[in-house]
Amino acid sequence: MNGGEYDWCEGSFGGVRRRRCLVALVSLLIALAPGASPTIAAGGDATIAGMVVLPKTRSAPVINKRYEIVAHGGVLSANPPVAVVYLEGVFPPATVPAVTQITQKELTFIPSLLPVRKGTKVEFPNLDHTYHNIFSFSPAKRFDLGRYRAEDRPVPAQTFDVPGLVTLRCDIHEHMRALILVLDTPHFVITDEEGRYRMERIPPGRYVLKSWLDSKTTKQSPVEVAAGATLNVDFR
Amino acid sequence: MNRERPLVQTKWRASAARWLFRAALLLTLAVEARAAEDFLDAVEQALSFASSDGQLRARFSGTVELEAYTFPGPAPWLLQSDEGTLVAPRLTAFLDAQWGPHVYAFVQARADRGFDPTDGDGEARLDEYAVRVTPWLDSRLNVQLGKFATVVGSWAARHGSWTNAFITAPMAYESLTGMWDTEAIRFSTVLLQWSHVRPGLPAAVTAIEKSLRIPVIWGPSYAIGAAVSGELRRFQYAFEVKQGSLSSRPEAWDDMKGVWEHPTVSGRLGLRASEAWNFGVSASTGTYLRLLARPGIPAGRGLGDYRQTVLGHDISYAHRHLQVWAEVFVSRFEIPVVGHADMLSYYVEAKYKFTPQFFGALRWNQQLFDTIRERGRFREWGHEAWRIDAGPGYRFTAHTQLKFQYSVQRGDAPGRKLAHTGAGQFTLRF
């Protein structure tokens with residue numbers, strides 16, 4: 001995540017497989033094919049970079065182990081706050097739906113914050129030797145995957161068609177939380193832990209640049225991007 | 001009869017009106033809580049604390065519950081009310097604290113109308129408090145001291161209002177037997193009277209007997225004690241030494257008089273055959289009489305001769321949206337001179353999530369009693385009892401839930417008639 005841009009091929013959000021890279025490449029080839037409608041990849045070469053002032057570090061959750069004979073996961077690593085920066089405007093729809101993953105490992109969702117474009121399919125592989133039961137009551141996506149094991153195939157997945165914030169929880173492990181921010185734009189990045197971000201390959205035009213910090217806090221700034229230019233926008 | 005009918009109708013209408021009001025109140029609460037979802041999320045975050053290095057972390061949480069019961073006959077199980085209905089609000093506060101990877105502590109405090117709902121005044125209690133030390137991170141050993149739920153069986157781990165598919169406990173945990181913990185039995189006839197098998201119990205005693213009787217296991221059995229537990233591959237073990245038997249009542253759980261004079265020893269061995277299947281065997285033995293029963297004990301006998309021994313077996317299965325639990329307990333109450341009062345109690349319970357928010361649950365419970373010798377004949381020392389529990393539940397949000405329960409029971413009610421109970425419970429957790 002250095003540099004602040006989400007690297008689809010490296011899988012910076014953790015646990016993302018090479019398959020996603022393949023999907024992105026196929027999307028790119030389709031997009032560049034003669035007669036194809038313009039997409040993100042066919043966009044411009046402008047860049048927006050800057051800094052988002054992040055809230056103070058939140059404390060890691062305490063696991064409720066009152067009635068657990070066996071106490072797994074004594075200390076969870078702190079989850080430093082980051083922001084999602086995205087560009088709002090009019091963009092052509094994605095030609096190939098993206099597929100990505102949120103894994104469950106050591107009773108934690110990885111990543112704990114995942115921005116996706118509307119229409120993205122998210123898989124939820126269980127990498128623990130215990131059941132997980134992911135559910136969401138969020139208006140943007142309401143689902144309950146039931147209890148499933150690491151070996152269960154196909155890996156349970158959901159397609160996120162409605163923009164908005166989706167809170168993931170586990171019905172068995174109440175401390176587990178993750179957020180999926182469903183966006184109606186192909187242009188978004190996650191900041192690094194210092195708040196730095198860099199969004200590349202922006203087509204020229206007028207947009208609204210937004211910085212999402214939490215469910216209550218989204219800052220915004222109108223921007224005009226010229227071809228080949230690098231724009232600096234900070235959110236304080 | 002004709003004169004009584006208008007009275008009965010009026011009473012029924014008043015009762016129906018009260019229930020309509022309560023249902024409306026529960027629904028309003030649910031809708032309001034839905035609107036407050038963001039606020040509850042914020043509260044949840046605000047109630048977590050950590051030291052600057054992250055080693056000491058604490059989280060306050062809790063539930064606000066509103067329960068209502070209706071029963072045409074006497075109050076069933078552990079409920080206490082003469083009104084035919086009972087409303088029981090409850091505030092439960094939890095503290096979970098972690099100090100590094102090796103020390104964990106928790107507290108559960110409640111304010112309500114009694115541990116088991118009554119129509120009496122409100123009270124506040126510390127129901128649980130314990131410290132757990134985990135010397136190795138692989139969980140081969142945990143040592144816990146304090147006041148906490150029993151390790152016997154599998155229901156205690158899901159007895160909270162949010163996790164329990166029903167509003168009440170299975171019969172083994174709340175159905176009162178004919179045994180008392182306040183007085184030693186000297187003749188088998190007395191036990192048969194206490195358990196309503198034989199008539200002749202004085203009216204004055206009948207009026208108060210419910211407060212004297214005990215079940216096989218009293219709810220989650222939060223007695224003071226110490227426990228060791230751990231996991232070795234697929235096997236789990238847990239042993240505890242507590243100052244009250246499984247059947248001991250809440251007042252006895254932290255009664256420090258004569259503590260450790262007659263400790264109760266319990267244990268459970270579990271096998272996690274797979275993520276879906278879990279098996280366990282439990283055993284417990286301890287004195288079921290309280291200290292105040294000592295004056296009535298025959299010469300040459302002591303409290304330690306009046307033991308309750310329980311053997312249990314539990315099985316659970318879960319996959320996708322289905323969860324099934326079953327437990328069977330064989331309990332023996334030793335009564336010097338009279339003999340052993342043995343009984344068996346079991347239940348099978350299933351819960352299914354029909355949608356992400358809507359679920360239903362069904363439970364079959366049964367209790368069977370062995371015989372004791374009375375006047376040269378062998379007679380069962382209790383009425384066979386069974387109960388069917390059924391109920392839907394709905395989670396409005398991740399913080400609010402509404403459950404209903406209907407139960408029909410055949411037990412030792414007058415005339416061995418069926419007893420019907422309805423209940424509703426709204427839970428808001430933060």
# chains A, B, ... in the order shown; residues from 1 in each chain; ligands from 1
>>> select_by_dssp(residues="segment 6-197 of chain B", states="helix (DSSP H, G or I)", output="VMD selection string")
chain B and resid 6 to 35 37 to 46 156 to 158 171 to 173 188 to 194
>>> residues_around(residues="Phe60 of chain B", least_positions_apart="5", cutoff="9 Å", atoms="only C-alpha atoms", output="list in words")
Glu44, Leu47, Ser48, Phe49, Ala93, Phe94, Leu95, Asp96, Ala97 and Phe430 of chain B
>>> write_last_selection(atoms="C-alpha atoms", output="PDB file, in the first residue's frame")
ATOM      1  CA  GLU B  44     -20.191   0.172  20.911  1.00  0.00           C
ATOM      2  CA  LEU B  47     -17.183   1.731  25.157  1.00  0.00           C
ATOM      3  CA  SER B  48     -13.848   0.183  24.153  1.00  0.00           C
ATOM      4  CA  PHE B  49     -10.697   1.354  25.854  1.00  0.00           C
ATOM      5  CA  ALA B  93     -23.722  -5.033  31.700  1.00  0.00           C
ATOM      6  CA  PHE B  94     -20.587  -6.903  30.666  1.00  0.00           C
ATOM      7  CA  LEU B  95     -16.961  -5.999  31.067  1.00  0.00           C
ATOM      8  CA  ASP B  96     -14.375  -7.961  29.092  1.00  0.00           C
ATOM      9  CA  ALA B  97     -10.755  -7.063  29.723  1.00  0.00           C
ATOM     10  CA  PHE B 430     -24.794  -2.533  22.815  1.00  0.00           C
TER      11      PHE B 430
END
>>> interface_residues(of="chain B", to="chain A", cutoff="9 Å", atoms="only C-alpha atoms", output="PyMOL selection string")
chain B and resi 38+45+48-51+54-55+57-59+96-107+130+134+137-142+148-149+151+156-158+228-231+236-238+274-276+318-322+353+355-357+395-398
>>> residues_around(residues="segment 95-101 of chain A", least_positions_apart="6", cutoff="6 Å", atoms="only C-alpha atoms", output="PDB file with N, CA, C and O atoms, in the first residue's frame")
ATOM      1  N   SER A  27     -10.148  -7.608 -18.606  1.00  0.00           N
ATOM      2  CA  SER A  27     -10.937  -6.377 -18.702  1.00  0.00           C
ATOM      3  C   SER A  27     -10.220  -5.354 -19.562  1.00  0.00           C
ATOM      4  O   SER A  27     -10.823  -4.681 -20.400  1.00  0.00           O
ATOM      5  N   THR A 120     -19.333  -5.751  -8.072  1.00  0.00           N
ATOM      6  CA  THR A 120     -18.215  -6.651  -7.755  1.00  0.00           C
ATOM      7  C   THR A 120     -18.701  -7.844  -6.949  1.00  0.00           C
ATOM      8  O   THR A 120     -19.537  -7.712  -6.047  1.00  0.00           O
ATOM      9  N   LYS A 121     -18.144  -9.004  -7.296  1.00  0.00           N
ATOM     10  CA  LYS A 121     -18.441 -10.209  -6.531  1.00  0.00           C
ATOM     11  C   LYS A 121     -17.329 -10.377  -5.487  1.00  0.00           C
ATOM     12  O   LYS A 121     -16.144 -10.363  -5.829  1.00  0.00           O
ATOM     13  N   VAL A 122     -17.729 -10.528  -4.235  1.00  0.00           N
ATOM     14  CA  VAL A 122     -16.742 -10.712  -3.165  1.00  0.00           C
ATOM     15  C   VAL A 122     -16.876 -12.128  -2.610  1.00  0.00           C
ATOM     16  O   VAL A 122     -17.960 -12.542  -2.197  1.00  0.00           O
ATOM     17  N   GLU A 123     -15.758 -12.854  -2.624  1.00  0.00           N
ATOM     18  CA  GLU A 123     -15.743 -14.198  -2.043  1.00  0.00           C
ATOM     19  C   GLU A 123     -15.256 -14.105  -0.591  1.00  0.00           C
ATOM     20  O   GLU A 123     -14.454 -13.229  -0.262  1.00  0.00           O
ATOM     21  N   PHE A 124     -15.730 -15.043   0.227  1.00  0.00           N
ATOM     22  CA  PHE A 124     -15.381 -15.005   1.655  1.00  0.00           C
ATOM     23  C   PHE A 124     -14.759 -16.333   2.097  1.00  0.00           C
ATOM     24  O   PHE A 124     -15.397 -17.101   2.831  1.00  0.00           O
TER      25      PHE A 124
END
>>> decode(residues="segment 166-181 of chain B", atoms="N, CA, C and O atoms", output="mmCIF file, in the first residue's frame")
data_model
loop_
_atom_site.group_PDB
_atom_site.id
_atom_site.type_symbol
_atom_site.label_atom_id
_atom_site.label_comp_id
_atom_site.auth_asym_id
_atom_site.auth_seq_id
_atom_site.Cartn_x
_atom_site.Cartn_y
_atom_site.Cartn_z
ATOM 1 N N PHE B 166 -34.403 -19.585 22.370
ATOM 2 C CA PHE B 166 -35.666 -19.433 23.091
ATOM 3 C C PHE B 166 -35.531 -18.352 24.161
ATOM 4 O O PHE B 166 -34.467 -17.755 24.328
ATOM 5 N N ILE B 167 -36.613 -18.159 24.896
ATOM 6 C CA ILE B 167 -36.581 -17.184 25.989
ATOM 7 C C ILE B 167 -36.240 -17.894 27.293
ATOM 8 O O ILE B 167 -35.577 -17.343 28.159
ATOM 9 N N THR B 168 -36.683 -19.133 27.415
ATOM 10 C CA THR B 168 -36.423 -19.890 28.640
ATOM 11 C C THR B 168 -35.376 -20.971 28.368
ATOM 12 O O THR B 168 -34.987 -21.212 27.231
ATOM 13 N N ALA B 169 -34.999 -21.656 29.441
ATOM 14 C CA ALA B 169 -33.984 -22.716 29.347
ATOM 15 C C ALA B 169 -34.663 -24.059 29.049
ATOM 16 O O ALA B 169 -35.879 -24.196 29.209
ATOM 17 N N PRO B 170 -33.874 -25.069 28.654
ATOM 18 C CA PRO B 170 -34.442 -26.418 28.561
ATOM 19 C C PRO B 170 -34.918 -26.884 29.945
ATOM 20 O O PRO B 170 -34.493 -26.354 30.975
ATOM 21 N N MET B 171 -35.789 -27.878 29.960
ATOM 22 C CA MET B 171 -36.381 -28.336 31.225
ATOM 23 C C MET B 171 -35.343 -28.722 32.270
ATOM 24 O O MET B 171 -35.521 -28.466 33.460
ATOM 25 N N ALA B 172 -34.283 -29.383 31.842
ATOM 26 C CA ALA B 172 -33.278 -29.843 32.806
ATOM 27 C C ALA B 172 -32.721 -28.688 33.623
ATOM 28 O O ALA B 172 -32.279 -28.864 34.755
ATOM 29 N N TYR B 173 -32.759 -27.468 33.040
ATOM 30 C CA TYR B 173 -32.156 -26.306 33.683
ATOM 31 C C TYR B 173 -33.167 -25.451 34.446
ATOM 32 O O TYR B 173 -32.773 -24.452 35.055
ATOM 33 N N GLU B 174 -34.452 -25.802 34.387
ATOM 34 C CA GLU B 174 -35.412 -24.915 35.052
ATOM 35 C C GLU B 174 -36.672 -25.615 35.557
ATOM 36 O O GLU B 174 -37.485 -24.989 36.231
ATOM 37 N N SER B 175 -36.865 -26.883 35.227
ATOM 38 C CA SER B 175 -38.079 -27.553 35.682
ATOM 39 C C SER B 175 -37.849 -28.107 37.086
ATOM 40 O O SER B 175 -36.950 -28.921 37.307
ATOM 41 N N LEU B 176 -38.675 -27.662 38.025
ATOM 42 C CA LEU B 176 -38.443 -28.022 39.423
ATOM 43 C C LEU B 176 -38.850 -29.462 39.700
ATOM 44 O O LEU B 176 -39.927 -29.905 39.279
ATOM 45 N N THR B 177 -38.000 -30.179 40.391
ATOM 46 C CA THR B 177 -38.304 -31.549 40.801
ATOM 47 C C THR B 177 -38.959 -31.490 42.190
ATOM 48 O O THR B 177 -39.130 -30.411 42.760
ATOM 49 N N GLY B 178 -39.252 -32.644 42.759
ATOM 50 C CA GLY B 178 -39.831 -32.683 44.108
ATOM 51 C C GLY B 178 -38.776 -32.565 45.200
ATOM 52 O O GLY B 178 -39.123 -32.544 46.392
ATOM 53 N N MET B 179 -37.521 -32.467 44.836
ATOM 54 C CA MET B 179 -36.469 -32.373 45.863
ATOM 55 C C MET B 179 -36.403 -30.958 46.422
ATOM 56 O O MET B 179 -36.578 -29.989 45.687
ATOM 57 N N TRP B 180 -36.141 -30.853 47.725
ATOM 58 C CA TRP B 180 -35.899 -29.568 48.374
ATOM 59 C C TRP B 180 -34.433 -29.514 48.793
ATOM 60 O O TRP B 180 -33.817 -30.556 49.061
ATOM 61 N N ASP B 181 -33.931 -28.298 48.881
ATOM 62 C CA ASP B 181 -32.546 -28.158 49.345
ATOM 63 C C ASP B 181 -32.483 -27.588 50.760
ATOM 64 O O ASP B 181 -31.415 -27.291 51.273
#
